[in-house]
>>> print(open('upload_33.txt').read())   # compact mmCIF, C-alpha atoms and all ligand atoms
# COMPACT_ATOMS: atom_id res chain seq x y z
CA MET O 1 -60.12 17.51 7.50
CA VAL O 2 -57.05 19.31 8.73
CA ASN O 3 -56.06 16.32 10.87
CA VAL O 4 -56.38 13.84 7.99
CA ARG O 5 -54.26 16.06 5.76
CA SER O 6 -51.54 16.52 8.34
CA SER O 7 -51.46 12.81 9.11
CA GLN O 8 -51.09 12.12 5.37
CA SER O 9 -48.20 14.53 5.06
CA LEU O 10 -46.64 13.02 8.18
CA LYS O 11 -46.91 9.61 6.49
CA LYS O 12 -45.22 10.98 3.35
CA PHE O 13 -42.55 12.57 5.47
CA LEU O 14 -41.88 9.30 7.29
CA ILE O 15 -41.75 7.35 4.01
CA ALA O 16 -39.24 9.87 2.66
CA ILE O 17 -37.11 9.62 5.82
CA PHE O 18 -37.13 5.82 5.75
CA SER O 19 -36.29 5.74 2.04
CA LEU O 20 -33.36 8.05 2.63
CA LEU O 21 -32.23 5.93 5.58
CA PHE O 22 -32.46 2.82 3.42
CA VAL O 23 -30.27 4.38 0.73
CA VAL O 24 -27.70 5.56 3.30
CA LEU O 25 -27.58 2.13 4.96
CA THR O 26 -27.26 0.38 1.60
CA VAL O 27 -24.30 2.59 0.64
CA PHE O 28 -22.76 2.05 4.09
CA ALA O 29 -23.26 -1.73 3.84
CA TYR O 30 -21.74 -1.76 0.34
CA PHE O 31 -18.55 -0.03 1.42
CA PHE O 32 -18.14 -1.53 4.87
CA LEU O 33 -19.54 -5.03 4.48
CA ILE O 34 -19.27 -5.90 0.79
CA LYS O 35 -16.44 -3.76 -0.62
CA ARG O 36 -14.18 -3.88 2.45
CA PRO O 37 -14.51 -7.21 4.25
CA ASP O 38 -10.93 -8.23 3.69
CA THR O 39 -9.52 -4.81 4.55
CA THR O 40 -11.28 -5.01 7.90
CA ARG O 41 -9.94 -8.51 8.53
CA ARG O 42 -6.45 -7.48 7.42
CA SER O 43 -6.56 -4.49 9.80
CA THR O 44 -7.19 -6.93 12.65
CA HIS O 45 -4.24 -9.05 11.49
CA VAL O 46 -1.98 -6.00 11.22
CA MET O 47 -2.79 -4.94 14.80
CA GLU O 48 -2.10 -8.50 15.99
CA TYR O 49 1.18 -8.70 14.03
CA ILE O 50 2.45 -5.30 15.24
CA ARG O 51 1.78 -6.29 18.86
CA TYR O 52 3.00 -9.89 18.74
CA PRO O 53 5.24 -10.40 15.68
CA ASP O 54 7.01 -13.33 17.38
CA LYS O 55 3.73 -15.24 17.65
CA HIS O 56 3.28 -15.29 13.87
CA PRO O 57 6.64 -15.85 12.16
CA GLU O 58 4.85 -17.84 9.43
CA TRP O 59 2.98 -14.69 8.33
CA ALA O 60 6.20 -12.94 7.27
CA VAL O 61 7.95 -12.87 3.92
CA THR O 62 11.75 -12.65 3.85
CA ALA O 63 13.67 -9.88 2.09
CA GLY O 64 15.41 -11.16 -1.04
CA ASP O 65 13.15 -14.21 -1.42
CA ARG O 66 11.64 -14.71 -4.85
CA CYS O 67 8.50 -16.79 -5.28
CA GLU O 68 8.79 -19.25 -8.15
CA ASN O 69 9.36 -17.46 -11.50
CA ALA O 70 8.57 -14.05 -9.99
CA PRO O 71 10.52 -11.18 -11.55
CA PHE O 72 10.73 -9.19 -8.29
CA SER O 73 12.31 -10.30 -5.02
CA MET O 74 10.80 -9.33 -1.67
CA PRO O 75 11.85 -5.74 -0.84
CA THR O 76 11.78 -6.23 2.95
CA ASN O 77 10.94 -8.60 5.81
CA GLY O 78 7.52 -8.78 7.38
CA TYR O 79 3.82 -9.35 7.05
CA ILE O 80 2.23 -8.05 3.84
CA GLY O 81 -0.61 -6.52 5.84
CA PHE O 82 -2.40 -4.38 3.27
CA LEU O 83 -2.73 -5.18 -0.40
CA TRP O 84 -3.18 -3.33 -3.66
CA ASP O 85 -6.76 -1.94 -3.85
CA ASP O 86 -7.49 -2.33 -0.15
CA SER O 87 -9.86 0.42 1.01
CA PHE O 88 -9.24 2.24 4.29
CA ARG O 89 -12.35 4.44 4.01
CA PRO O 90 -15.21 4.78 1.54
CA GLY O 91 -13.88 5.81 -1.84
CA HIS O 92 -10.22 5.18 -0.94
CA ARG O 93 -8.16 2.64 -2.95
CA HIS O 94 -4.69 1.68 -1.70
CA SER O 95 -2.19 1.91 -4.56
CA GLY O 96 0.43 -0.51 -3.25
CA LEU O 97 1.53 -2.98 -0.58
CA ASP O 98 2.16 -2.26 3.10
CA ILE O 99 4.75 -4.62 4.60
CA PHE O 100 5.05 -4.51 8.40
CA GLY O 101 8.39 -5.65 9.82
CA GLY O 102 7.06 -5.90 13.38
CA MET O 103 10.12 -3.99 14.69
CA GLU O 104 10.85 -0.48 15.95
CA ASN O 105 11.79 2.38 13.63
CA GLY O 106 14.97 2.12 11.56
CA ILE O 107 15.68 -1.61 12.07
CA THR O 108 14.08 -3.62 9.26
CA PRO O 109 16.15 -3.25 6.06
CA ILE O 110 14.66 -2.47 2.66
CA TYR O 111 16.25 -3.57 -0.62
CA ALA O 112 15.81 -3.00 -4.35
CA ALA O 113 13.35 -5.64 -5.63
CA TYR O 114 14.71 -5.35 -9.20
CA ASP O 115 17.56 -3.66 -11.09
CA GLY O 116 16.94 -0.02 -11.97
CA TYR O 117 17.88 3.65 -11.65
CA LEU O 118 17.19 5.31 -8.29
CA THR O 119 16.01 8.89 -7.87
CA ARG O 120 15.26 10.76 -4.63
CA GLN O 121 13.81 14.21 -5.16
CA SER O 122 15.34 16.99 -3.05
CA ASP O 123 12.17 17.39 -0.94
CA TRP O 124 11.61 13.64 -0.37
CA LYS O 125 12.11 12.82 3.32
CA SER O 126 11.16 9.13 3.34
CA THR O 127 10.85 8.13 -0.31
CA VAL O 128 12.87 6.83 -3.25
CA ILE O 129 11.74 5.74 -6.70
CA ILE O 130 13.50 3.31 -9.04
CA ARG O 131 13.06 3.43 -12.80
CA ILE O 132 12.92 0.09 -14.61
CA PRO O 133 13.48 0.88 -18.31
CA SER O 134 11.98 -2.42 -19.47
CA ASP O 135 9.12 -3.96 -17.49
CA PRO O 136 10.04 -7.66 -17.08
CA LEU O 137 6.41 -8.60 -17.80
CA GLN O 138 5.89 -6.17 -20.69
CA PRO O 139 9.34 -5.28 -22.03
CA ASP O 140 8.18 -2.47 -24.34
CA ARG O 141 7.25 -0.20 -21.44
CA GLN O 142 9.02 1.58 -18.60
CA ILE O 143 7.76 1.23 -15.00
CA TRP O 144 8.81 2.53 -11.59
CA MET O 145 9.11 1.06 -8.07
CA TYR O 146 8.05 3.55 -5.37
CA TYR O 147 9.24 3.03 -1.77
CA THR O 148 8.11 5.18 1.17
CA HIS O 149 7.85 5.56 5.00
CA MET O 150 11.65 5.32 5.42
CA ALA O 151 11.82 8.01 8.16
CA ASP O 152 10.87 8.51 11.80
CA GLU O 153 7.71 10.32 12.84
CA GLN O 154 9.41 13.73 12.53
CA GLY O 155 10.75 12.95 9.05
CA ASN O 156 14.37 12.10 9.97
CA ASP O 157 15.21 9.63 7.27
CA PHE O 158 16.45 6.04 7.40
CA ILE O 159 17.50 6.08 3.74
CA SER O 160 21.01 4.84 2.90
CA GLU O 161 23.68 7.56 2.86
CA ASP O 162 24.37 6.53 -0.73
CA PHE O 163 21.08 8.18 -1.73
CA PRO O 164 20.87 11.71 -0.27
CA PRO O 165 18.07 14.10 -1.27
CA GLY O 166 18.61 15.18 -4.87
CA THR O 167 20.00 11.79 -5.98
CA ARG O 168 19.23 11.20 -9.64
CA GLU O 169 19.39 8.06 -11.76
CA ILE O 170 21.89 6.03 -9.68
CA PHE O 171 22.01 2.43 -10.95
CA VAL O 172 21.08 -0.09 -8.23
CA LYS O 173 21.15 -3.86 -8.58
CA THR O 174 18.47 -6.13 -7.11
CA GLY O 175 19.24 -6.55 -3.40
CA THR O 176 20.92 -3.14 -2.92
CA LEU O 177 20.19 -1.77 0.57
CA LEU O 178 17.97 1.31 0.22
CA GLY O 179 17.16 2.07 3.86
CA TYR O 180 15.01 0.92 6.77
CA GLN O 181 11.32 0.81 7.63
CA GLY O 182 9.93 3.81 9.51
CA ASN O 183 6.66 5.37 10.64
CA PHE O 184 6.67 8.78 8.92
CA SER O 185 3.19 9.48 7.56
CA GLY O 186 4.15 12.59 5.61
CA THR O 187 2.90 14.86 8.43
CA PRO O 188 5.49 15.38 11.21
CA GLY O 189 4.27 14.24 14.63
CA ASN O 190 1.46 12.11 13.19
CA PRO O 191 3.08 8.67 12.89
CA THR O 192 1.73 5.63 11.08
CA GLY O 193 2.69 2.01 11.96
CA VAL O 194 6.29 1.07 11.09
CA HIS O 195 6.18 -0.40 7.58
CA LEU O 196 7.27 -0.13 3.96
CA HIS O 197 4.78 1.08 1.36
CA PHE O 198 5.73 -0.29 -2.07
CA SER O 199 3.97 0.60 -5.33
CA ILE O 200 4.59 -0.22 -8.98
CA VAL O 201 3.92 3.00 -10.85
CA GLU O 202 3.24 3.54 -14.54
CA ASP O 203 5.17 5.88 -16.82
CA ASP O 204 3.58 8.80 -18.69
CA ASP O 205 5.25 7.48 -21.88
CA GLU O 206 7.55 10.50 -21.82
CA GLY O 207 9.93 9.21 -19.18
CA HIS O 208 8.22 10.48 -16.01
CA PHE O 209 6.40 8.56 -13.30
CA LEU O 210 2.72 9.25 -12.76
CA ASN O 211 1.15 10.22 -9.41
CA GLU O 212 1.42 7.02 -7.40
CA THR O 213 -1.43 7.86 -4.99
CA ILE O 214 -3.96 7.30 -7.80
CA ILE O 215 -4.55 3.57 -8.17
CA GLU O 216 -5.18 3.85 -11.92
CA ASN O 217 -1.55 4.98 -12.26
CA THR O 218 -0.27 1.83 -10.55
CA LEU O 219 -0.05 -1.86 -11.45
CA ASP O 220 -1.39 -4.88 -9.61
CA PRO O 221 1.82 -6.24 -8.02
CA SER O 222 0.57 -9.87 -8.02
CA PRO O 223 2.34 -11.11 -11.18
CA TYR O 224 5.57 -9.32 -10.20
CA PHE O 225 5.79 -11.28 -6.93
CA ASN O 226 3.83 -14.37 -8.01
CA ILE O 227 1.48 -14.01 -5.01
CA ILE O 228 -2.15 -12.85 -5.16
CA LEU O 229 -1.77 -9.32 -3.80
CA ASN O 230 -4.93 -7.80 -5.27
CA ALA O 231 -7.31 -7.11 -2.36
CA ASN O 232 -10.32 -8.11 -4.45
CA GLN O 233 -8.91 -11.50 -5.40
CA SER O 234 -6.85 -12.43 -2.37
CA PRO O 235 -7.96 -15.60 -0.58
CA PRO O 236 -8.47 -15.51 3.22
CA GLU O 237 -5.02 -17.01 3.80
CA ILE O 238 -2.04 -14.82 4.74
CA PRO O 239 -0.21 -13.73 1.53
CA ILE O 240 3.09 -15.61 1.24
CA CYS O 241 4.76 -17.58 -1.59
CA PRO O 242 2.37 -20.30 -2.84
ZN ZN O 301 0.49 1.86 1.84
>>> encode(input="upload_33.txt", output="structure tokens", more="lines below")
Ligand SMILES: [Zn+2]
Amino acid sequence: MVNVRSSQSLKKFLIAIFSLLFVVLTVFAYFFLIKRPDTTRRSTHVMEYIRYPDKHPEWAVTAGDRCENAPFSMPTNGYIGFLWDDSFRPGHRHSGLDIFGGMENGITPIYAAYDGYLTRQSDWKSTVIIRIPSDPLQPDRQIWMYYTHMADEQGNDFISEDFPPGTREIFVKTGTLLGYQGNFSGTPGNPTGVHLHFSIVEDDDEGHFLNETIIENTLDPSPYFNIILNANQSPPEIPICP
């Protein structure tokens, strides 16, 4: 009697364990195989491009180029390695574009992609933001262009001397040099790959930009560049002008 009972509870226990395992594996598969297939493939491409940029010149966009009818011009040279809404880990959603120049720190120039008013807060080491009073795609609203990683791994900046910390509301025309790509991650001594992160950030309707790390506060950059740059819609091909 005792043996039958304990074997039944063992069976229940095993069923519970396997059910739990099934749920965990399903969640894992969803994030890693269904939700993130392109991010994984793009990571492979980024590693390849960083190592051998000269082997893949056709992957790169050129600073200043404008795809047909696009309001924004390309802010820098390089491979658009990660897209808007890529996911680097379960639950994470990338709020902008990562463009890898394939060069060392401080070499690949970065330019204003559209006319606007540049601000650099006094504690910003690697970042500037440009206010566009009238969104070219929805003129009744204000939007912002957020540029970051313009510093070395210790946070020494590669931003143009025209825009020191504390700069506020300086008018810049499309094509103005802002600085150079760097590998500052935000934490000194913990570098990322050399690239530009570029986000289009929404306004709070009172004249301030919203927190750009939250994807809901940012806009899909696709229509601004006239390239599919939404990770969920991007075809397998490398993103360049159609
Ligand atoms: Zn990024």
>>> closest_residue(input="upload_33.txt", among="O:Phe72, O:Trp144, O:Phe88, O:Phe13", to="ligand ZN 301 (chain O)", atoms="all atoms listed in the file")
O:Phe88
>>> residues_near_ligand(input="upload_33.txt", ligand="ligand ZN 301 (chain O)", cutoff="7 Å", atoms="all atoms listed in the file", output="list in words")
His94, Ser95, Gly96, Leu97, Asp98, His197 and Phe198 of chain O
>>> axis_aligned_box(input="upload_33.txt", around="stretch 207-221 of chain O", padding_each_side="4 Å", output="AutoDock Vina command-line options")
--center_x 2.4 --center_y 2.1 --center_z -12.1 --size_x 23.1 --size_y 24.7 --size_z 22.2
>>> closest_residue(input="upload_33.txt", among="O:Ser134, O:Asn217, O:Thr44, O:Ser160", to="O:Tyr111", atoms="all atoms listed in the file")
O:Ser160
>>> closest_residue(input="upload_33.txt", among="O:Pro136, O:Pro53, O:Gly207, O:Gly186", to="O:His149", atoms="all atoms listed in the file")
O:Gly186
>>> closest_residue(input="upload_33.txt", among="O:Ser19, O:Thr176, O:Ser7, O:Ser87", to="O:Arg41", atoms="all atoms listed in the file")
O:Ser87
>>> closest_residue(input="upload_33.txt", among="O:Ser73, O:Gln154, O:Thr192, O:Gln8", to="O:Pro221", atoms="all atoms listed in the file")
O:Ser73
>>> closest_residue(input="upload_33.txt", among="O:Pro57, O:Gly182, O:Pro223, O:Pro133", to="O:Thr108", atoms="all atoms listed in the file")
O:Gly182
>>> atom_distance(input="upload_33.txt", atom1="atom CA of O:His45", atom2="atom CA of O:Thr26")
26.8 Å
>>> residues_around(input="upload_33.txt", residues="O:Asp115", least_positions_apart="2", cutoff="12 Å", atoms="all atoms listed in the file", output="compact mmCIF listing (two decimals) with C-alpha atoms, keeping the file's coordinate frame")
# COMPACT_ATOMS: atom_id res chain seq x y z
CA PRO O 71 10.52 -11.18 -11.55
CA PHE O 72 10.73 -9.19 -8.29
CA SER O 73 12.31 -10.30 -5.02
CA PRO O 75 11.85 -5.74 -0.84
CA TYR O 111 16.25 -3.57 -0.62
CA ALA O 112 15.81 -3.00 -4.35
CA ALA O 113 13.35 -5.64 -5.63
CA TYR O 117 17.88 3.65 -11.65
CA LEU O 118 17.19 5.31 -8.29
CA ILE O 129 11.74 5.74 -6.70
CA ILE O 130 13.50 3.31 -9.04
CA ARG O 131 13.06 3.43 -12.80
CA ILE O 132 12.92 0.09 -14.61
CA PRO O 133 13.48 0.88 -18.31
CA SER O 134 11.98 -2.42 -19.47
CA ASP O 135 9.12 -3.96 -17.49
CA PRO O 136 10.04 -7.66 -17.08
CA ILE O 143 7.76 1.23 -15.00
CA TRP O 144 8.81 2.53 -11.59
CA MET O 145 9.11 1.06 -8.07
CA GLU O 169 19.39 8.06 -11.76
CA ILE O 170 21.89 6.03 -9.68
CA PHE O 171 22.01 2.43 -10.95
CA VAL O 172 21.08 -0.09 -8.23
CA LYS O 173 21.15 -3.86 -8.58
CA THR O 174 18.47 -6.13 -7.11
CA GLY O 175 19.24 -6.55 -3.40
CA THR O 176 20.92 -3.14 -2.92
>>> atom_distance(input="upload_33.txt", atom1="atom CA of O:Arg93", atom2="atom CA of O:Ala231")
9.8 Å
>>> atom_distance(input="upload_33.txt", atom1="atom CA of O:Gly166", atom2="atom CA of O:Gln121")
4.9 Å
>>> residues_around(input="upload_33.txt", residues="O:Ile238", least_positions_apart="4", cutoff="12 Å", atoms="all atoms listed in the file", output="tab-separated table (two decimals) with C-alpha atoms, keeping the file's coordinate frame")
chain	number	residue	atom	x	y	z
O	38	ASP	CA	-10.93	-8.23	3.69
O	41	ARG	CA	-9.94	-8.51	8.53
O	42	ARG	CA	-6.45	-7.48	7.42
O	45	HIS	CA	-4.24	-9.05	11.49
O	46	VAL	CA	-1.98	-6.00	11.22
O	49	TYR	CA	1.18	-8.70	14.03
O	56	HIS	CA	3.28	-15.29	13.87
O	57	PRO	CA	6.64	-15.85	12.16
O	58	GLU	CA	4.85	-17.84	9.43
O	59	TRP	CA	2.98	-14.69	8.33
O	60	ALA	CA	6.20	-12.94	7.27
O	61	VAL	CA	7.95	-12.87	3.92
O	78	GLY	CA	7.52	-8.78	7.38
O	79	TYR	CA	3.82	-9.35	7.05
O	80	ILE	CA	2.23	-8.05	3.84
O	81	GLY	CA	-0.61	-6.52	5.84
O	82	PHE	CA	-2.40	-4.38	3.27
O	83	LEU	CA	-2.73	-5.18	-0.40
O	227	ILE	CA	1.48	-14.01	-5.01
O	228	ILE	CA	-2.15	-12.85	-5.16
O	229	LEU	CA	-1.77	-9.32	-3.80
O	231	ALA	CA	-7.31	-7.11	-2.36
O	234	SER	CA	-6.85	-12.43	-2.37
O	242	PRO	CA	2.37	-20.30	-2.84
>>> residues_near_point(input="upload_33.txt", point="(5.1, 13.8, -8.3)", cutoff="12 Å", atoms="all atoms listed in the file", output="list in words")
Thr119, Arg120, Gln121, Ser122, Asp123, Trp124, Thr127, Val128, Ile129, Tyr146, Val201, Asp203, Asp204, His208, Phe209, Leu210, Asn211, Glu212, Thr213, Ile214 and Asn217 of chain O
>>> residues_around(input="upload_33.txt", residues="O:Met150", least_positions_apart="4", cutoff="6 Å", atoms="all atoms listed in the file", output="number ranges by chain")
O: 126, 157-158, 180-182
>>> build_atoms(input="upload_33.txt", residues="stretch 134-146 of chain O", atoms="N, CA and C atoms", output="compact mmCIF listing (two decimals), in the frame of the given file")
# COMPACT_ATOMS: atom_id res chain seq x y z
N SER O 134 12.73 -1.41 -18.73
CA SER O 134 11.98 -2.42 -19.47
C SER O 134 11.26 -3.32 -18.46
N ASP O 135 9.95 -3.16 -18.39
CA ASP O 135 9.12 -3.96 -17.49
C ASP O 135 9.35 -5.45 -17.79
N PRO O 136 9.77 -6.24 -16.79
CA PRO O 136 10.04 -7.66 -17.08
C PRO O 136 8.82 -8.42 -17.59
N LEU O 137 7.63 -7.91 -17.32
CA LEU O 137 6.41 -8.60 -17.80
C LEU O 137 5.86 -8.00 -19.08
N GLN O 138 6.35 -6.82 -19.44
CA GLN O 138 5.89 -6.17 -20.69
C GLN O 138 7.03 -5.29 -21.16
N PRO O 139 8.03 -5.93 -21.81
CA PRO O 139 9.34 -5.28 -22.03
C PRO O 139 9.29 -3.97 -22.84
N ASP O 140 8.20 -3.69 -23.53
CA ASP O 140 8.18 -2.47 -24.34
C ASP O 140 7.80 -1.24 -23.53
N ARG O 141 7.60 -1.39 -22.23
CA ARG O 141 7.25 -0.20 -21.44
C ARG O 141 8.16 -0.03 -20.25
N GLN O 142 8.25 1.24 -19.79
CA GLN O 142 9.02 1.58 -18.60
C GLN O 142 8.08 1.64 -17.40
N ILE O 143 8.54 1.13 -16.25
CA ILE O 143 7.76 1.23 -15.00
C ILE O 143 8.67 1.71 -13.87
N TRP O 144 8.07 1.97 -12.72
CA TRP O 144 8.81 2.53 -11.59
C TRP O 144 8.43 1.79 -10.30
N MET O 145 9.39 1.62 -9.40
CA MET O 145 9.11 1.06 -8.07
C MET O 145 9.20 2.20 -7.06
N TYR O 146 8.14 2.43 -6.31
CA TYR O 146 8.05 3.55 -5.37
C TYR O 146 8.09 3.00 -3.94
